[in-house]
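Student: Here you go, entry_32.pdb (PDB, C-alpha atoms):
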ATOM      1  CA  MET A  49      93.245  71.224 105.744
ATOM      2  CA  SER A  50      92.214  74.666 106.816
ATOM      3  CA  THR A  51      90.322  73.305 109.812
ATOM      4  CA  LEU A  52      93.533  71.622 110.936
ATOM      5  CA  LEU A  53      95.299  74.937 110.744
ATOM      6  CA  ASP A  54      92.548  77.008 112.246
ATOM      7  CA  PRO A  55      93.264  76.464 115.959
ATOM      8  CA  ALA A  56      96.807  77.684 115.444
ATOM      9  CA  LEU A  57      95.687  80.664 113.368
ATOM     10  CA  HIS A  58      92.804  81.696 115.529
ATOM     11  CA  ALA A  59      93.967  80.554 118.907
ATOM     12  CA  HIS A  60      93.751  84.200 119.896
ATOM     13  CA  ASP A  61      90.333  84.790 118.400
ATOM     14  CA  GLY A  62      88.214  82.793 120.794
ATOM     15  CA  PRO A  63      84.656  84.074 120.962
ATOM     16  CA  HIS A  64      85.286  87.310 119.003
ATOM     17  CA  GLY A  65      85.293  85.471 115.655
ATOM     18  CA  HIS A  66      86.463  88.086 113.183
ATOM     19  CA  GLY A  67      88.389  90.048 115.776
ATOM     20  CA  SER A  68      91.710  89.623 113.992
ATOM     21  CA  ARG A  69      90.397  91.056 110.692
ATOM     22  CA  ARG A  70      89.015  94.129 112.424
ATOM     23  CA  GLY A  71      92.197  94.409 114.479
ATOM     24  CA  TYR A  72      94.168  94.328 111.258
ATOM     25  CA  ARG A  73      92.136  97.208 109.779
ATOM     26  CA  VAL A  74      92.483  99.261 112.960
ATOM     27  CA  GLY A  75      96.213  98.483 112.959
ATOM     28  CA  THR A  76      96.567  99.638 109.356
ATOM     29  CA  ILE A  77      94.944 103.007 110.020
ATOM     30  CA  LEU A  78      96.853 103.567 113.276
ATOM     31  CA  SER A  79     100.203 102.577 111.772
ATOM     32  CA  ILE A  80      99.778 104.992 108.842
ATOM     33  CA  LEU A  81      98.862 107.823 111.246
ATOM     34  CA  LEU A  82     101.672 107.013 113.678
ATOM     35  CA  THR A  83     104.185 107.014 110.803
ATOM     36  CA  ALA A  84     102.928 110.125 108.990
ATOM     37  CA  VAL A  85     102.576 112.388 112.051
ATOM     38  CA  PRO A  86     106.208 112.055 113.311
ATOM     39  CA  PHE A  87     107.542 112.708 109.787
ATOM     40  CA  TRP A  88     105.258 115.724 109.481
ATOM     41  CA  LEU A  89     106.325 117.050 112.917
ATOM     42  CA  VAL A  90     110.019 116.850 112.075
ATOM     43  CA  MET A  91     109.888 117.880 108.408
ATOM     44  CA  SER A  92     107.606 120.889 108.915
ATOM     45  CA  GLY A  93     109.122 121.841 112.280
ATOM     46  CA  VAL A  94     105.748 123.109 113.499
ATOM     47  CA  LEU A  95     106.620 122.811 117.179
ATOM     48  CA  ARG A  96     109.917 124.769 116.942
ATOM     49  CA  ASP A  97     110.959 123.100 120.192
ATOM     50  CA  ALA A  98     113.211 120.144 119.343
ATOM     51  CA  GLN A  99     112.880 118.521 122.764
ATOM     52  CA  THR A 100     109.072 118.382 122.706
ATOM     53  CA  THR A 101     109.164 117.076 119.139
ATOM     54  CA  ALA A 102     111.681 114.393 120.154
ATOM     55  CA  LEU A 103     109.530 113.284 123.090
ATOM     56  CA  LEU A 104     106.470 113.119 120.843
ATOM     57  CA  ILE A 105     108.137 111.087 118.081
ATOM     58  CA  PHE A 106     109.595 108.611 120.589
ATOM     59  CA  ALA A 107     106.206 108.245 122.288
ATOM     60  CA  MET A 108     104.528 107.641 118.926
ATOM     61  CA  ALA A 109     107.202 105.071 117.972
ATOM     62  CA  MET A 110     106.515 103.159 121.211
ATOM     63  CA  VAL A 111     102.775 103.205 120.542
ATOM     64  CA  GLN A 112     103.306 102.128 116.924
ATOM     65  CA  ILE A 113     105.506  99.194 117.986
ATOM     66  CA  VAL A 114     102.760  98.004 120.347
ATOM     67  CA  VAL A 115     100.121  98.491 117.614
ATOM     68  CA  HIS A 116     102.183  96.422 115.141
ATOM     69  CA  VAL A 117     102.873  93.651 117.664
ATOM     70  CA  VAL A 118      99.208  93.380 118.670
ATOM     71  CA  CYS A 119      97.469  93.950 115.300
ATOM     72  CA  PHE A 120      99.973  92.461 112.824
ATOM     73  CA  LEU A 121     101.852  89.857 114.878
ATOM     74  CA  HIS A 122      98.638  89.004 116.807
ATOM     75  CA  LEU A 123     100.311  88.903 120.183
ATOM     76  CA  ASP A 124      97.887  88.362 123.061
ATOM     77  CA  THR A 125      97.731  86.580 126.389
ATOM     78  CA  ARG A 126      96.347  83.319 125.019
ATOM     79  CA  SER A 127      98.339  82.387 121.891
ATOM     80  CA  GLU A 128     100.621  79.360 122.476
ATOM     81  CA  GLY A 129      99.441  79.227 126.073
ATOM     82  CA  GLY A 130     100.933  82.618 126.892
ATOM     83  CA  TRP A 131     104.482  81.638 125.908
ATOM     84  CA  THR A 132     104.719  84.149 123.060
ATOM     85  CA  LEU A 133     103.702  86.951 125.430
ATOM     86  CA  LEU A 134     106.194  85.783 128.054
ATOM     87  CA  ALA A 135     109.002  85.621 125.460
ATOM     88  CA  PHE A 136     108.004  89.067 124.176
ATOM     89  CA  LEU A 137     107.964  90.645 127.639
ATOM     90  CA  PHE A 138     111.318  89.091 128.494
ATOM     91  CA  THR A 139     112.755  90.426 125.224
ATOM     92  CA  ALA A 140     111.276  93.871 125.866
ATOM     93  CA  VAL A 141     112.970  94.008 129.295
ATOM     94  CA  ILE A 142     116.343  93.015 127.809
ATOM     95  CA  VAL A 143     115.942  95.518 124.946
ATOM     96  CA  VAL A 144     115.174  98.374 127.356
ATOM     97  CA  LEU A 145     118.080  97.376 129.633
ATOM     98  CA  THR A 146     120.519  97.066 126.716
ATOM     99  CA  ILE A 147     119.644 100.314 124.943
ATOM    100  CA  GLY A 148     118.762 102.420 127.991
ATOM    101  CA  GLY A 149     121.606 101.057 130.100
ATOM    102  CA  SER A 150     124.271 101.490 127.405
ATOM    103  CA  ILE A 151     123.280 105.060 126.630
ATOM    104  CA  TRP A 152     122.934 105.974 130.315
ATOM    105  CA  VAL A 153     126.282 104.485 131.362
ATOM    106  CA  MET A 154     128.215 105.787 128.346
ATOM    107  CA  TYR A 155     126.706 109.272 128.682
ATOM    108  CA  HIS A 156     127.891 109.551 132.279
ATOM    109  CA  LEU A 157     131.234 108.018 131.378
ATOM    110  CA  ASN A 158     131.692 110.668 128.690
ATOM    111  CA  THR A 159     130.660 113.589 130.879
ATOM    112  CA  ASN A 160     132.974 112.466 133.704
ATOM    113  CA  MET A 161     135.976 111.913 131.443
ATOM    114  CA  MET A 162     138.423 114.579 130.385
ATOM    115  CA  PRO A 163     136.601 117.060 128.162
ATOM    116  CA  MET A 164     137.033 116.231 124.498
ATOM    117  CA  PRO A 165     136.024 118.368 121.531
ATOM    118  CA  GLY A 166     132.617 117.149 120.442
ATOM    119  CA  GLY A 167     131.884 115.443 123.739
ATOM    120  CA  THR A 168     132.699 111.837 122.867
ATOM    121  CA  MET A 169     135.299 109.583 124.420
ATOM    122  CA  GLY A 170     138.771 109.484 122.953
ATOM    123  CA  PRO A 171     139.174 106.116 121.200
ATOM    124  CA  VAL A 172     135.975 106.563 119.194
ATOM    125  CA  ARG A 173     137.377 109.576 117.443
TER     126      ARG A 173
ATOM    127  CA  MET B 223     111.906  74.013 103.185
ATOM    128  CA  THR B 224     115.633  74.553 103.534
ATOM    129  CA  ASP B 225     115.336  78.223 104.363
ATOM    130  CA  HIS B 226     112.714  77.507 106.947
ATOM    131  CA  ALA B 227     114.773  74.782 108.576
ATOM    132  CA  LEU B 228     117.808  77.060 108.677
ATOM    133  CA  ARG B 229     115.812  79.860 110.163
ATOM    134  CA  SER B 230     114.403  77.859 113.032
ATOM    135  CA  GLY B 231     117.889  76.622 113.750
ATOM    136  CA  GLN B 232     116.946  72.934 113.831
ATOM    137  CA  PRO B 233     117.807  71.234 110.542
ATOM    138  CA  ALA B 234     115.892  68.068 111.390
ATOM    139  CA  ALA B 235     112.845  69.812 112.819
ATOM    140  CA  THR B 236     110.854  70.241 109.609
ATOM    141  CA  THR B 237     110.567  66.591 108.727
ATOM    142  CA  TRP B 238     109.978  65.686 112.330
ATOM    143  CA  HIS B 239     106.985  68.034 112.519
ATOM    144  CA  LEU B 240     105.635  66.837 109.174
ATOM    145  CA  ALA B 241     105.575  63.277 110.439
ATOM    146  CA  GLU B 242     104.057  64.421 113.706
ATOM    147  CA  GLU B 243     101.208  66.304 112.063
ATOM    148  CA  GLU B 244      99.626  63.150 110.693
ATOM    149  CA  ASP B 245      98.966  61.951 114.223
ATOM    150  CA  HIS B 246      98.418  65.007 116.343
ATOM    151  CA  ASP B 247      96.471  67.656 114.479
ATOM    152  CA  HIS B 248      98.275  70.995 114.499
ATOM    153  CA  GLY B 249     100.686  70.198 117.315
ATOM    154  CA  GLY B 250     103.779  70.561 115.128
ATOM    155  CA  ASN B 251     102.411  73.768 113.637
ATOM    156  CA  GLY B 252     102.135  75.491 116.985
ATOM    157  CA  ALA B 253     105.616  74.333 117.969
ATOM    158  CA  THR B 254     107.086  75.727 114.739
ATOM    159  CA  LEU B 255     105.326  79.070 115.153
ATOM    160  CA  LEU B 256     106.436  79.357 118.787
ATOM    161  CA  GLY B 257     109.980  78.420 117.794
ATOM    162  CA  PHE B 258     109.941  81.012 115.046
ATOM    163  CA  TRP B 259     108.608  83.604 117.484
ATOM    164  CA  ILE B 260     111.540  82.881 119.806
ATOM    165  CA  TYR B 261     113.919  83.269 116.857
ATOM    166  CA  LEU B 262     112.372  86.700 116.165
ATOM    167  CA  MET B 263     112.834  87.686 119.802
ATOM    168  CA  SER B 264     116.524  86.700 119.649
ATOM    169  CA  ASP B 265     116.836  88.713 116.437
ATOM    170  CA  ALA B 266     115.300  91.656 118.297
ATOM    171  CA  LEU B 267     118.152  91.357 120.806
ATOM    172  CA  ILE B 268     120.697  91.633 117.970
ATOM    173  CA  PHE B 269     119.002  94.824 116.861
ATOM    174  CA  ALA B 270     118.849  96.039 120.478
ATOM    175  CA  SER B 271     122.630  95.783 120.754
ATOM    176  CA  LEU B 272     123.035  97.575 117.403
ATOM    177  CA  PHE B 273     120.649 100.345 118.537
ATOM    178  CA  ALA B 274     122.577 100.615 121.819
ATOM    179  CA  MET B 275     125.862 100.908 119.928
ATOM    180  CA  TYR B 276     124.367 103.543 117.630
ATOM    181  CA  GLY B 277     122.999 105.453 120.622
ATOM    182  CA  VAL B 278     126.399 105.475 122.314
ATOM    183  CA  VAL B 279     128.473 106.675 119.345
ATOM    184  CA  SER B 280     125.802 108.661 117.474
ATOM    185  CA  THR B 281     127.522 111.958 118.313
ATOM    186  CA  GLY B 282     130.996 110.716 117.383
ATOM    187  CA  TYR B 283     131.154 112.747 114.181
ATOM    188  CA  ALA B 284     134.985 112.989 114.130
ATOM    189  CA  GLY B 285     134.662 116.326 112.371
ATOM    190  CA  GLY B 286     132.709 114.634 109.596
ATOM    191  CA  PRO B 287     129.145 115.193 108.405
ATOM    192  CA  VAL B 288     126.306 115.374 110.937
ATOM    193  CA  PRO B 289     122.885 113.740 110.379
ATOM    194  CA  ARG B 290     121.173 116.990 109.402
ATOM    195  CA  GLU B 291     123.576 117.429 106.468
ATOM    196  CA  ILE B 292     123.370 113.924 105.033
ATOM    197  CA  PHE B 293     119.872 112.549 105.758
ATOM    198  CA  ASP B 294     117.242 113.289 103.134
ATOM    199  CA  LEU B 295     113.970 112.935 105.055
ATOM    200  CA  LYS B 296     111.845 112.949 101.881
ATOM    201  CA  LEU B 297     113.713 109.862 100.695
ATOM    202  CA  VAL B 298     113.355 108.222 104.119
ATOM    203  CA  ALA B 299     109.624 109.040 104.177
ATOM    204  CA  LEU B 300     109.211 107.379 100.763
ATOM    205  CA  ASN B 301     111.219 104.381 101.949
ATOM    206  CA  THR B 302     109.168 104.093 105.130
ATOM    207  CA  ALA B 303     105.951 104.288 103.113
ATOM    208  CA  PHE B 304     107.117 101.416 100.869
ATOM    209  CA  LEU B 305     107.968  99.165 103.824
ATOM    210  CA  LEU B 306     104.767  99.979 105.726
ATOM    211  CA  ALA B 307     102.723  99.382 102.562
ATOM    212  CA  SER B 308     104.452  96.028 102.061
ATOM    213  CA  SER B 309     103.506  95.028 105.610
ATOM    214  CA  ILE B 310      99.891  95.968 104.874
ATOM    215  CA  THR B 311      99.818  94.074 101.549
ATOM    216  CA  PHE B 312     101.217  90.987 103.279
ATOM    217  CA  GLY B 313      98.278  91.265 105.650
ATOM    218  CA  GLN B 314      96.029  91.213 102.568
ATOM    219  CA  ALA B 315      97.573  87.906 101.451
ATOM    220  CA  MET B 316      96.995  86.060 104.716
ATOM    221  CA  PRO B 317      93.153  85.746 104.684
ATOM    222  CA  HIS B 318      93.373  84.443 101.092
ATOM    223  CA  MET B 319      95.963  81.915 102.242
ATOM    224  CA  GLU B 320      93.687  80.753 105.070
ATOM    225  CA  MET B 321      90.907  80.170 102.534
ATOM    226  CA  GLY B 322      93.317  78.280 100.275
ATOM    227  CA  ARG B 323      93.000  80.709  97.333
ATOM    228  CA  VAL B 324      96.278  80.328  95.433
ATOM    229  CA  GLY B 325      95.863  83.182  92.908
ATOM    230  CA  PRO B 326      95.145  86.101  95.295
ATOM    231  CA  THR B 327      97.743  84.809  97.776
ATOM    232  CA  ARG B 328     100.439  84.863  95.093
ATOM    233  CA  PHE B 329      99.237  88.259  93.827
ATOM    234  CA  TRP B 330      99.493  89.985  97.225
ATOM    235  CA  LEU B 331     102.753  88.189  97.993
ATOM    236  CA  ALA B 332     104.220  89.439  94.697
ATOM    237  CA  ILE B 333     103.067  93.010  95.466
ATOM    238  CA  THR B 334     104.707  92.710  98.895
ATOM    239  CA  GLY B 335     107.926  91.539  97.248
ATOM    240  CA  LEU B 336     107.891  94.454  94.772
ATOM    241  CA  LEU B 337     107.369  96.999  97.575
ATOM    242  CA  GLY B 338     110.168  95.352  99.572
ATOM    243  CA  ALA B 339     112.455  95.512  96.522
ATOM    244  CA  ALA B 340     111.600  99.221  96.091
ATOM    245  CA  PHE B 341     112.526  99.779  99.751
ATOM    246  CA  LEU B 342     115.837  98.007  99.290
ATOM    247  CA  GLY B 343     116.549  99.876  96.046
ATOM    248  CA  ILE B 344     116.082 103.263  97.740
ATOM    249  CA  GLU B 345     118.248 102.184 100.664
ATOM    250  CA  LEU B 346     121.051 101.079  98.344
ATOM    251  CA  TYR B 347     120.700 104.366  96.428
ATOM    252  CA  GLU B 348     121.028 106.262  99.719
ATOM    253  CA  PHE B 349     124.081 104.218 100.741
ATOM    254  CA  ALA B 350     125.760 104.708  97.358
ATOM    255  CA  HIS B 351     125.058 108.445  97.540
ATOM    256  CA  LEU B 352     126.528 108.732 101.057
ATOM    257  CA  ILE B 353     129.655 106.771 100.156
ATOM    258  CA  ALA B 354     130.153 108.834  96.981
ATOM    259  CA  ASP B 355     129.894 112.017  99.074
ATOM    260  CA  GLY B 356     132.655 110.818 101.391
ATOM    261  CA  ALA B 357     130.206 109.863 104.164
ATOM    262  CA  GLY B 358     131.031 106.157 104.061
ATOM    263  CA  PRO B 359     131.220 103.806 107.058
ATOM    264  CA  GLN B 360     134.921 104.565 107.649
ATOM    265  CA  ARG B 361     134.364 108.333 108.009
ATOM    266  CA  SER B 362     133.284 108.438 111.677
ATOM    267  CA  ALA B 363     131.950 106.323 114.537
ATOM    268  CA  PHE B 364     128.499 107.746 113.863
ATOM    269  CA  LEU B 365     128.596 106.618 110.232
ATOM    270  CA  SER B 366     130.065 103.187 111.086
ATOM    271  CA  ALA B 367     127.205 102.617 113.531
ATOM    272  CA  PHE B 368     124.672 103.974 111.029
ATOM    273  CA  PHE B 369     125.799 101.668 108.221
ATOM    274  CA  THR B 370     125.963  98.656 110.568
ATOM    275  CA  LEU B 371     122.477  99.200 112.004
ATOM    276  CA  VAL B 372     120.666 100.148 108.790
ATOM    277  CA  GLY B 373     122.723  97.659 106.772
ATOM    278  CA  THR B 374     121.788  94.781 109.097
ATOM    279  CA  HIS B 375     118.127  95.683 108.670
ATOM    280  CA  GLY B 376     118.650  95.845 104.895
ATOM    281  CA  ALA B 377     120.302  92.402 104.951
ATOM    282  CA  HIS B 378     117.231  91.040 106.743
ATOM    283  CA  VAL B 379     114.961  92.591 104.095
ATOM    284  CA  THR B 380     117.133  90.960 101.410
ATOM    285  CA  VAL B 381     116.686  87.560 103.058
ATOM    286  CA  GLY B 382     112.948  88.264 103.294
ATOM    287  CA  LEU B 383     112.832  89.029  99.562
ATOM    288  CA  ILE B 384     114.616  85.766  98.720
ATOM    289  CA  TRP B 385     112.145  83.967 100.991
ATOM    290  CA  ILE B 386     109.177  85.661  99.266
ATOM    291  CA  GLY B 387     110.574  84.671  95.871
ATOM    292  CA  SER B 388     111.002  81.037  96.876
ATOM    293  CA  MET B 389     107.479  81.002  98.380
ATOM    294  CA  LEU B 390     106.038  82.317  95.095
ATOM    295  CA  VAL B 391     107.723  79.452  93.256
ATOM    296  CA  GLN B 392     106.766  76.837  95.865
ATOM    297  CA  ILE B 393     103.111  77.894  95.956
ATOM    298  CA  GLY B 394     103.082  77.281  92.199
ATOM    299  CA  GLN B 395     104.531  73.809  92.709
ATOM    300  CA  HIS B 396     102.733  72.581  95.830
ATOM    301  CA  GLY B 397      99.649  74.788  96.125
ATOM    302  CA  LEU B 398      98.631  75.899  99.606
ATOM    303  CA  SER B 399      99.377  72.688 101.464
ATOM    304  CA  LEU B 400      99.684  72.624 105.246
ATOM    305  CA  PRO B 401     103.505  72.947 105.245
ATOM    306  CA  MET B 402     103.205  75.839 102.764
ATOM    307  CA  LYS B 403     100.737  77.633 105.020
ATOM    308  CA  ARG B 404     103.049  77.175 107.963
ATOM    309  CA  ARG B 405     105.994  78.620 106.008
ATOM    310  CA  LEU B 406     103.894  81.563 104.872
ATOM    311  CA  MET B 407     102.842  82.259 108.460
ATOM    312  CA  CYS B 408     106.488  82.287 109.539
ATOM    313  CA  LEU B 409     107.349  84.568 106.610
ATOM    314  CA  SER B 410     104.470  86.863 107.573
ATOM    315  CA  MET B 411     105.812  87.137 111.126
ATOM    316  CA  PHE B 412     109.324  87.773 109.795
ATOM    317  CA  TRP B 413     108.130  90.534 107.449
ATOM    318  CA  HIS B 414     106.011  92.313 110.079
ATOM    319  CA  PHE B 415     108.966  92.044 112.472
ATOM    320  CA  LEU B 416     111.222  93.866 109.984
ATOM    321  CA  ASP B 417     108.681  96.666 109.760
ATOM    322  CA  ILE B 418     108.708  96.953 113.564
ATOM    323  CA  ILE B 419     112.505  97.256 113.578
ATOM    324  CA  TRP B 420     112.198  99.961 110.928
ATOM    325  CA  ILE B 421     109.951 102.008 113.264
ATOM    326  CA  GLY B 422     112.931 102.192 115.624
ATOM    327  CA  VAL B 423     115.287 103.056 112.759
ATOM    328  CA  PHE B 424     113.303 105.900 111.243
ATOM    329  CA  THR B 425     112.488 107.399 114.658
ATOM    330  CA  PHE B 426     115.813 107.012 116.440
ATOM    331  CA  VAL B 427     118.263 107.309 113.535
ATOM    332  CA  TYR B 428     116.625 109.555 110.957
ATOM    333  CA  LEU B 429     113.997 111.760 112.645
ATOM    334  CA  TYR B 430     115.851 112.180 115.950
ATOM    335  CA  GLY B 431     119.145 112.547 114.075
ATOM    336  CA  VAL B 432     117.794 115.458 112.047
ATOM    337  CA  LEU B 433     116.208 117.027 115.156
ATOM    338  CA  ARG B 434     119.345 117.417 117.221
TER     339      ARG B 434
END
Would you encode the structure as C-alpha cells?
Tutor:
Amino acid sequence: MSTLLDPALHAHDGPHGHGSRRGYRVGTILSILLTAVPFWLVMSGVLRDAQTTALLIFAMAMVQIVVHVVCFLHLDTRSEGGWTLLAFLFTAVIVVLTIGGSIWVMYHLNTNMMPMPGGTMGPVR
Amino acid sequence: MTDHALRSGQPAATTWHLAEEEDHDHGGNGATLLGFWIYLMSDALIFASLFAMYGVVSTGYAGGPVPREIFDLKLVALNTAFLLASSITFGQAMPHMEMGRVGPTRFWLAITGLLGAAFLGIELYEFAHLIADGAGPQRSAFLSAFFTLVGTHGAHVTVGLIWIGSMLVQIGQHGLSLPMKRRLMCLSMFWHFLDIIWIGVFTFVYLYGVLR
C-alpha cells in the first residue's frame, strides 16, 4: 500500500531521500522565529520607528509564507509535473494584483476626493 | 468521503478515482491532490479579496474604536502560537501515516484538533468581548471588514476541525487504507494552508493595526 502511495508523497524528494523530513524541521524552526520576532518587535516597540517596524514585519510575513509553502506544503518545481508550482505562481500574481491594486487605487481615489474627516470616502462612513 | 467529495467540487470524483486506482497505480491519487491544490489556490483568492477589502476600509473607523484600543496582542500571540503548534503537530502525524501506524497518527491528529479548538475558542472569546464592548461588526467599516476577514478564517478552521474529527473516527473504522491516506494528505494541505492565511492576518490586521 505504502509503495503505491510513495511516488505521490515523495515525487519531490528524488535523490535527496529524507529531504522532506529535514525540510520540515528547518521549516518548524524558521516559522517559530518568523512568528515570534514580529510579535516581539511590535509588542516591545524596540525600534520606536513604526515605519521600519512595519516594513520588517511585512518582510518577515512574506518570508514565512514562502517557508510554509516550501517546507509544509512541499511545493517545488517537480511535484505533479510542475502544475502545482504553476497554479501557485498564477495565484500569487492574482493575490498581489488584487490586494496591491485595490489599496493603491482606493488610496489615490480617497486622496483626490473631497477631504473627509478621517480620510476615508463618504459612503463607507 | 462526503466531505472530501464536496471539497474537491466533483461529487462523482471519489468513486471514479477509487476504481481507477486498481488499474493505474497512484494515478487517481495525484489527480486528487492536484485538484485539491487548485481548490486551495481558489480559496486563497477568496482571502485575497477579503484582505483587499480590509486594506481599503481599514481606516474607516467612523468615530469608533481604533485597532490599538481593541486588539489585545498577548491574546493574539497566544492564538497564533496555538495555530502554529497545530500545524507542527500535524506534520508529526504525517510520517506515522506514511508508515501505516494507526495509533501515533490518531494521537498527533487528536493533538492537532485540540490545538485548533483552543485557537477557535480564543477567537470566539475575542469576538464576544469586542461585541460586548460595542465594537461589533456594525460599528464601522473597519470592524465589518475585520469580522468578515477573521470570521471567514475562523469558519475554515471550524470546517477543518469537523474534518479532523471525522478522520479520527474513520481511521478507527477503516485503518490507514489508501483512500484514508489520500484524505489525510488533503486535510494536511488544508490545515497548513489555514496557517499560511493566518500569517497574513496576524501581520496585516493585528500587528500592523496596532502599529499605526
Student: Determine the residue membership of the PyMOL selection byres ((chain B) within 8 of (chain A)) for the file above and supply it as an mmCIF file with C-alpha atoms, keeping the file's coordinate frame.
Tutor:
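Produced file out-v4.cif, reproduced below:
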data_model
loop_
_atom_site.group_PDB
_atom_site.id
_atom_site.type_symbol
_atom_site.label_atom_id
_atom_site.label_comp_id
_atom_site.auth_asym_id
_atom_site.auth_seq_id
_atom_site.Cartn_x
_atom_site.Cartn_y
_atom_site.Cartn_z
ATOM 1 C CA ASP B 247 96.471 67.656 114.479
ATOM 2 C CA HIS B 248 98.275 70.995 114.499
ATOM 3 C CA ASN B 251 102.411 73.768 113.637
ATOM 4 C CA GLY B 252 102.135 75.491 116.985
ATOM 5 C CA LEU B 256 106.436 79.357 118.787
ATOM 6 C CA TRP B 259 108.608 83.604 117.484
ATOM 7 C CA ILE B 260 111.540 82.881 119.806
ATOM 8 C CA MET B 263 112.834 87.686 119.802
ATOM 9 C CA SER B 264 116.524 86.700 119.649
ATOM 10 C CA ALA B 266 115.300 91.656 118.297
ATOM 11 C CA LEU B 267 118.152 91.357 120.806
ATOM 12 C CA ALA B 270 118.849 96.039 120.478
ATOM 13 C CA SER B 271 122.630 95.783 120.754
ATOM 14 C CA PHE B 273 120.649 100.345 118.537
ATOM 15 C CA ALA B 274 122.577 100.615 121.819
ATOM 16 C CA MET B 275 125.862 100.908 119.928
ATOM 17 C CA GLY B 277 122.999 105.453 120.622
ATOM 18 C CA VAL B 278 126.399 105.475 122.314
ATOM 19 C CA VAL B 279 128.473 106.675 119.345
ATOM 20 C CA THR B 281 127.522 111.958 118.313
ATOM 21 C CA GLY B 282 130.996 110.716 117.383
ATOM 22 C CA TYR B 283 131.154 112.747 114.181
ATOM 23 C CA ALA B 284 134.985 112.989 114.130
ATOM 24 C CA LEU B 295 113.970 112.935 105.055
ATOM 25 C CA ALA B 299 109.624 109.040 104.177
ATOM 26 C CA LEU B 306 104.767 99.979 105.726
ATOM 27 C CA ILE B 310 99.891 95.968 104.874
ATOM 28 C CA GLY B 313 98.278 91.265 105.650
ATOM 29 C CA GLU B 320 93.687 80.753 105.070
ATOM 30 C CA MET B 321 90.907 80.170 102.534
ATOM 31 C CA GLY B 322 93.317 78.280 100.275
ATOM 32 C CA SER B 362 133.284 108.438 111.677
ATOM 33 C CA ALA B 363 131.950 106.323 114.537
ATOM 34 C CA SER B 399 99.377 72.688 101.464
ATOM 35 C CA LEU B 400 99.684 72.624 105.246
ATOM 36 C CA MET B 411 105.812 87.137 111.126
ATOM 37 C CA HIS B 414 106.011 92.313 110.079
ATOM 38 C CA PHE B 415 108.966 92.044 112.472
ATOM 39 C CA ILE B 418 108.708 96.953 113.564
ATOM 40 C CA ILE B 421 109.951 102.008 113.264
ATOM 41 C CA GLY B 422 112.931 102.192 115.624
ATOM 42 C CA THR B 425 112.488 107.399 114.658
ATOM 43 C CA PHE B 426 115.813 107.012 116.440
ATOM 44 C CA LEU B 429 113.997 111.760 112.645
ATOM 45 C CA TYR B 430 115.851 112.180 115.950
ATOM 46 C CA VAL B 432 117.794 115.458 112.047
ATOM 47 C CA LEU B 433 116.208 117.027 115.156
ATOM 48 C CA ARG B 434 119.345 117.417 117.221
#
Student: Written as a PyMOL selection string, what is the full residue list that the PyMOL selection byres ((chain B and resi 336-348) around 6) yields on the file shown?
Tutor: chain B and resi 301+304+308+333-335+349-351
Student: If you count all atoms listed in the file, which residues fall within 8 Å of Pro289 (chain B), apart from same-chain ones fewer than 4 positions away, as a ChimeraX atom specification?
Tutor: /B:293,428,431-432
Student: Given all atoms listed in the file as the basis, pick out the residue of B:Leu365, B:Gly257, B:His318, B:Thr302 nearest to Pro287 (chain B).
Tutor: B:Leu365
Student: How many Å separate CA of Ala307 (chain B) from CA of Ser280 (chain B)?
Tutor: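 Atom-to-atom, CA of Ala307 (chain B) and CA of Ser280 (chain B) are spaced 29.0 Å apart.
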Student: Under the rule that only C-alpha atoms are counted, which of B:His375, B:Lys296, B:Arg323, B:His396 is the nearest residue to Leu272 (chain B)?
Tutor: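 The answer is B:His375, which sits nearest to Leu272 (chain B).
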Student: Between CA of Leu123 (chain A) and CA of Leu409 (chain B), what is the spacing in Å?
Tutor: 15.9 Å
Student: Hey, can you check how far CA of Gly382 (chain B) sits from CA of Val324 (chain B)?
Tutor: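 Separating CA of Gly382 (chain B) from CA of Val324 (chain B) is a distance of 20.1 Å.
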Student: Out of B:Tyr261, B:Phe269, B:Phe424, B:Phe364, which residue has the shortest atom-to-atom distance to Gly285 (chain B) when counting only C-alpha atoms?
Tutor: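 Smallest separation from Gly285 (chain B) among the options: B:Phe364.
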